[in-house]
Amino acid sequence: MPQHVKAPALALARLVLASGRPVDLAELRFTSTYGDLEGYPCRPVNDLRIEGLLRAARRARPGTPVHLVAPPREYPDQYAGGLGPVEVLPPVACLGTFHSTALDPAHDPVAYRSRLTVLWFQTAPRLPSDCRAEPGLRDLDWSRLARDARTSA
């Protein structure tokens, strides 16, 4: 039976990564993957959408690294136009900012937290949890991707 670790009072959720590190979800934004799409979903359109979401995340959280969990891409047997075959991403784009303890043991654990903003896609708008998190979320290499930052007191 999985052990559930309660999230701190101010976190939306807590995940325990495959490495064993607990990370707290501090902010989460859901967006429709294709809400304003004109035309049909295909690789060039999907790549532009992903790049736009990553750019927006970098602007919203300067100084916090941003990571993309590679989304699953499906290729239904549908008519395609001139941009290539139909390629479909999951319908919900999720942009979440996670915090954890400082990476550098020399940093004051009260004054520093490690941070990472993550873009991932899922089938429904729901909070990630240990039992229902997208596999790429639990497999984050936190020590390589996140960055320590001073907390705002």
# chains A, B, ... in the order shown; residues from 1 in each chain; ligands from 1
>>> select_by_dssp(residues="chain A", states="alpha helix (DSSP H)", output="number ranges by chain")
A: 43-60, 135-138, 142-145
>>> write_last_selection(atoms="N, CA and C atoms", output="PDB file, in the first residue's frame")
ATOM      1  N   ARG A  43       2.501  18.218 -35.949  1.00  0.00           N
ATOM      2  CA  ARG A  43       3.773  18.454 -35.262  1.00  0.00           C
ATOM      3  C   ARG A  43       4.195  19.929 -35.272  1.00  0.00           C
ATOM      4  N   PRO A  44       4.185  20.635 -36.410  1.00  0.00           N
ATOM      5  CA  PRO A  44       4.618  22.047 -36.361  1.00  0.00           C
ATOM      6  C   PRO A  44       3.742  22.901 -35.438  1.00  0.00           C
ATOM      7  N   VAL A  45       2.443  22.683 -35.458  1.00  0.00           N
ATOM      8  CA  VAL A  45       1.528  23.439 -34.596  1.00  0.00           C
ATOM      9  C   VAL A  45       1.788  23.089 -33.130  1.00  0.00           C
ATOM     10  N   ASN A  46       1.942  21.805 -32.830  1.00  0.00           N
ATOM     11  CA  ASN A  46       2.201  21.379 -31.453  1.00  0.00           C
ATOM     12  C   ASN A  46       3.520  21.933 -30.932  1.00  0.00           C
ATOM     13  N   ASP A  47       4.556  21.899 -31.768  1.00  0.00           N
ATOM     14  CA  ASP A  47       5.857  22.413 -31.346  1.00  0.00           C
ATOM     15  C   ASP A  47       5.786  23.916 -31.058  1.00  0.00           C
ATOM     16  N   LEU A  48       5.045  24.662 -31.877  1.00  0.00           N
ATOM     17  CA  LEU A  48       4.867  26.100 -31.642  1.00  0.00           C
ATOM     18  C   LEU A  48       4.104  26.344 -30.343  1.00  0.00           C
ATOM     19  N   ARG A  49       3.085  25.536 -30.089  1.00  0.00           N
ATOM     20  CA  ARG A  49       2.291  25.675 -28.866  1.00  0.00           C
ATOM     21  C   ARG A  49       3.167  25.429 -27.633  1.00  0.00           C
ATOM     22  N   ILE A  50       3.952  24.371 -27.670  1.00  0.00           N
ATOM     23  CA  ILE A  50       4.837  24.043 -26.549  1.00  0.00           C
ATOM     24  C   ILE A  50       5.846  25.161 -26.334  1.00  0.00           C
ATOM     25  N   GLU A  51       6.472  25.641 -27.392  1.00  0.00           N
ATOM     26  CA  GLU A  51       7.453  26.732 -27.267  1.00  0.00           C
ATOM     27  C   GLU A  51       6.817  27.989 -26.693  1.00  0.00           C
ATOM     28  N   GLY A  52       5.592  28.300 -27.114  1.00  0.00           N
ATOM     29  CA  GLY A  52       4.893  29.463 -26.573  1.00  0.00           C
ATOM     30  C   GLY A  52       4.630  29.334 -25.078  1.00  0.00           C
ATOM     31  N   LEU A  53       4.227  28.148 -24.637  1.00  0.00           N
ATOM     32  CA  LEU A  53       3.988  27.910 -23.212  1.00  0.00           C
ATOM     33  C   LEU A  53       5.286  27.998 -22.409  1.00  0.00           C
ATOM     34  N   LEU A  54       6.373  27.474 -22.962  1.00  0.00           N
ATOM     35  CA  LEU A  54       7.669  27.549 -22.277  1.00  0.00           C
ATOM     36  C   LEU A  54       8.154  29.001 -22.164  1.00  0.00           C
ATOM     37  N   ARG A  55       7.992  29.778 -23.231  1.00  0.00           N
ATOM     38  CA  ARG A  55       8.377  31.198 -23.196  1.00  0.00           C
ATOM     39  C   ARG A  55       7.576  31.945 -22.137  1.00  0.00           C
ATOM     40  N   ALA A  56       6.272  31.708 -22.097  1.00  0.00           N
ATOM     41  CA  ALA A  56       5.412  32.366 -21.105  1.00  0.00           C
ATOM     42  C   ALA A  56       5.827  31.987 -19.687  1.00  0.00           C
ATOM     43  N   ALA A  57       6.210  30.743 -19.473  1.00  0.00           N
ATOM     44  CA  ALA A  57       6.643  30.289 -18.146  1.00  0.00           C
ATOM     45  C   ALA A  57       7.936  30.984 -17.743  1.00  0.00           C
ATOM     46  N   ARG A  58       8.864  31.130 -18.669  1.00  0.00           N
ATOM     47  CA  ARG A  58      10.136  31.797 -18.362  1.00  0.00           C
ATOM     48  C   ARG A  58       9.915  33.270 -18.018  1.00  0.00           C
ATOM     49  N   ARG A  59       8.983  33.912 -18.736  1.00  0.00           N
ATOM     50  CA  ARG A  59       8.679  35.326 -18.458  1.00  0.00           C
ATOM     51  C   ARG A  59       7.980  35.480 -17.110  1.00  0.00           C
ATOM     52  N   ALA A  60       7.094  34.543 -16.775  1.00  0.00           N
ATOM     53  CA  ALA A  60       6.324  34.634 -15.530  1.00  0.00           C
ATOM     54  C   ALA A  60       7.185  34.390 -14.296  1.00  0.00           C
ATOM     55  N   PRO A 135       3.820  10.062 -15.347  1.00  0.00           N
ATOM     56  CA  PRO A 135       5.105   9.399 -15.068  1.00  0.00           C
ATOM     57  C   PRO A 135       6.305  10.350 -15.159  1.00  0.00           C
ATOM     58  N   GLY A 136       6.320  11.237 -16.106  1.00  0.00           N
ATOM     59  CA  GLY A 136       7.444  12.158 -16.261  1.00  0.00           C
ATOM     60  C   GLY A 136       7.626  13.085 -15.071  1.00  0.00           C
ATOM     61  N   LEU A 137       6.559  13.378 -14.348  1.00  0.00           N
ATOM     62  CA  LEU A 137       6.674  14.228 -13.164  1.00  0.00           C
ATOM     63  C   LEU A 137       7.430  13.514 -12.053  1.00  0.00           C
ATOM     64  N   ARG A 138       7.091  12.294 -11.788  1.00  0.00           N
ATOM     65  CA  ARG A 138       7.735  11.551 -10.702  1.00  0.00           C
ATOM     66  C   ARG A 138       9.196  11.252 -11.024  1.00  0.00           C
ATOM     67  N   TRP A 142      15.563  16.201 -10.093  1.00  0.00           N
ATOM     68  CA  TRP A 142      15.500  17.464  -9.365  1.00  0.00           C
ATOM     69  C   TRP A 142      16.875  18.090  -9.165  1.00  0.00           C
ATOM     70  N   SER A 143      17.854  17.293  -8.797  1.00  0.00           N
ATOM     71  CA  SER A 143      19.180  17.857  -8.503  1.00  0.00           C
ATOM     72  C   SER A 143      19.826  18.463  -9.748  1.00  0.00           C
ATOM     73  N   ARG A 144      19.467  18.001 -10.927  1.00  0.00           N
ATOM     74  CA  ARG A 144      20.017  18.542 -12.174  1.00  0.00           C
ATOM     75  C   ARG A 144      19.187  19.712 -12.700  1.00  0.00           C
ATOM     76  N   LEU A 145      17.854  19.668 -12.516  1.00  0.00           N
ATOM     77  CA  LEU A 145      16.963  20.635 -13.146  1.00  0.00           C
ATOM     78  C   LEU A 145      16.624  21.852 -12.281  1.00  0.00           C
TER      79      LEU A 145
END
>>> residues_around(residues="A:Asp77", least_positions_apart="3", cutoff="10 Å", atoms="only C-alpha atoms", output="count of residues only")
5
>>> closest_residue(among="A:Pro90, A:Ser129, A:Tyr34, A:Ala146", to="A:Ala70", atoms="only C-alpha atoms")
A:Pro90
>>> atom_distance(atom1="atom CA of A:Val88", atom2="atom CA of A:Val69")
15.7 Å
>>> residues_around(residues="stretch 100-115 of chain A", least_positions_apart="3", cutoff="7 Å", atoms="only C-alpha atoms", output="PyMOL selection string")
chain A and resi 22-24+64+143+146-151
>>> write_last_selection(atoms="C-alpha atoms", output="CSV table (one decimal), in the first residue's frame")
chain,number,residue,atom,x,y,z
A,22,PRO,CA,9.4,15.3,-1.7
A,23,VAL,CA,8.4,18.4,-3.8
A,24,ASP,CA,5.6,20.8,-3.1
A,64,THR,CA,13.4,29.8,-12.0
A,143,SER,CA,19.2,17.9,-8.5
A,146,ALA,CA,16.0,22.7,-10.1
A,147,ARG,CA,17.9,25.8,-8.7
A,148,ASP,CA,18.2,27.1,-5.2
A,149,ALA,CA,16.7,30.5,-4.5
A,150,ARG,CA,16.4,32.7,-1.4
A,151,THR,CA,12.9,32.6,0.0
>>> atom_distance(atom1="atom CA of A:Arg21", atom2="atom CA of A:Pro71")
22.9 Å
>>> closest_residue(among="A:Gly39, A:Gly84, A:Pro76, A:Gly96", to="A:Trp120", atoms="only C-alpha atoms")
A:Gly96
>>> select_by_dssp(residues="chain A", states="strand (DSSP E or B)", output="ChimeraX atom specification")
/A:13-16,22-32,42,66-68,74,86,88,92-101,112-122,147-150
>>> write_last_selection(atoms="C-alpha atoms", output="PDB file, in the first residue's frame")
ATOM      1  CA  ALA A  13      -0.047  19.043  -3.379  1.00  0.00           C
ATOM      2  CA  ARG A  14       3.064  17.101  -2.473  1.00  0.00           C
ATOM      3  CA  LEU A  15       4.748  14.583  -4.743  1.00  0.00           C
ATOM      4  CA  VAL A  16       7.488  12.204  -3.791  1.00  0.00           C
ATOM      5  CA  PRO A  22       9.430  15.337  -1.686  1.00  0.00           C
ATOM      6  CA  VAL A  23       8.446  18.376  -3.765  1.00  0.00           C
ATOM      7  CA  ASP A  24       5.576  20.757  -3.078  1.00  0.00           C
ATOM      8  CA  LEU A  25       3.344  22.150  -5.798  1.00  0.00           C
ATOM      9  CA  ALA A  26       3.092  25.873  -5.043  1.00  0.00           C
ATOM     10  CA  GLU A  27       1.278  27.060  -8.191  1.00  0.00           C
ATOM     11  CA  LEU A  28      -0.607  25.338 -11.008  1.00  0.00           C
ATOM     12  CA  ARG A  29      -2.125  26.711 -14.191  1.00  0.00           C
ATOM     13  CA  PHE A  30      -4.300  24.664 -16.565  1.00  0.00           C
ATOM     14  CA  THR A  31      -4.677  25.628 -20.220  1.00  0.00           C
ATOM     15  CA  SER A  32      -6.553  23.951 -23.039  1.00  0.00           C
ATOM     16  CA  CYS A  42       0.108  18.498 -36.294  1.00  0.00           C
ATOM     17  CA  VAL A  66      11.659  25.671 -16.687  1.00  0.00           C
ATOM     18  CA  HIS A  67      11.471  22.033 -17.758  1.00  0.00           C
ATOM     19  CA  LEU A  68       9.240  20.267 -20.299  1.00  0.00           C
ATOM     20  CA  GLU A  74      -0.806  10.290 -30.855  1.00  0.00           C
ATOM     21  CA  VAL A  86      -2.495  14.780 -37.638  1.00  0.00           C
ATOM     22  CA  VAL A  88      -2.575  15.040 -31.039  1.00  0.00           C
ATOM     23  CA  VAL A  92      -4.743  19.842 -20.896  1.00  0.00           C
ATOM     24  CA  ALA A  93      -1.453  21.740 -20.670  1.00  0.00           C
ATOM     25  CA  CYS A  94      -0.258  22.103 -17.065  1.00  0.00           C
ATOM     26  CA  LEU A  95       2.267  24.617 -15.831  1.00  0.00           C
ATOM     27  CA  GLY A  96       3.311  24.036 -12.250  1.00  0.00           C
ATOM     28  CA  THR A  97       5.916  25.561  -9.967  1.00  0.00           C
ATOM     29  CA  PHE A  98       7.408  23.142  -7.453  1.00  0.00           C
ATOM     30  CA  HIS A  99       9.538  23.852  -4.361  1.00  0.00           C
ATOM     31  CA  SER A 100      11.667  21.591  -2.202  1.00  0.00           C
ATOM     32  CA  THR A 101      14.485  21.823   0.295  1.00  0.00           C
ATOM     33  CA  TYR A 112      16.681  28.818   0.713  1.00  0.00           C
ATOM     34  CA  ARG A 113      14.417  26.481  -1.238  1.00  0.00           C
ATOM     35  CA  SER A 114      15.026  24.748  -4.562  1.00  0.00           C
ATOM     36  CA  ARG A 115      12.550  25.613  -7.329  1.00  0.00           C
ATOM     37  CA  LEU A 116      11.505  24.327 -10.708  1.00  0.00           C
ATOM     38  CA  THR A 117       8.682  25.217 -13.074  1.00  0.00           C
ATOM     39  CA  VAL A 118       7.424  22.261 -15.107  1.00  0.00           C
ATOM     40  CA  LEU A 119       5.255  22.073 -18.223  1.00  0.00           C
ATOM     41  CA  TRP A 120       3.440  18.775 -18.764  1.00  0.00           C
ATOM     42  CA  PHE A 121       0.291  17.562 -20.483  1.00  0.00           C
ATOM     43  CA  GLN A 122      -2.494  15.370 -19.113  1.00  0.00           C
ATOM     44  CA  ARG A 147      17.861  25.775  -8.722  1.00  0.00           C
ATOM     45  CA  ASP A 148      18.230  27.112  -5.200  1.00  0.00           C
ATOM     46  CA  ALA A 149      16.735  30.532  -4.501  1.00  0.00           C
ATOM     47  CA  ARG A 150      16.393  32.680  -1.435  1.00  0.00           C
TER      48      ARG A 150
END
>>> atom_distance(atom1="atom CA of A:Leu12", atom2="atom CA of A:Leu127")
7.8 Å
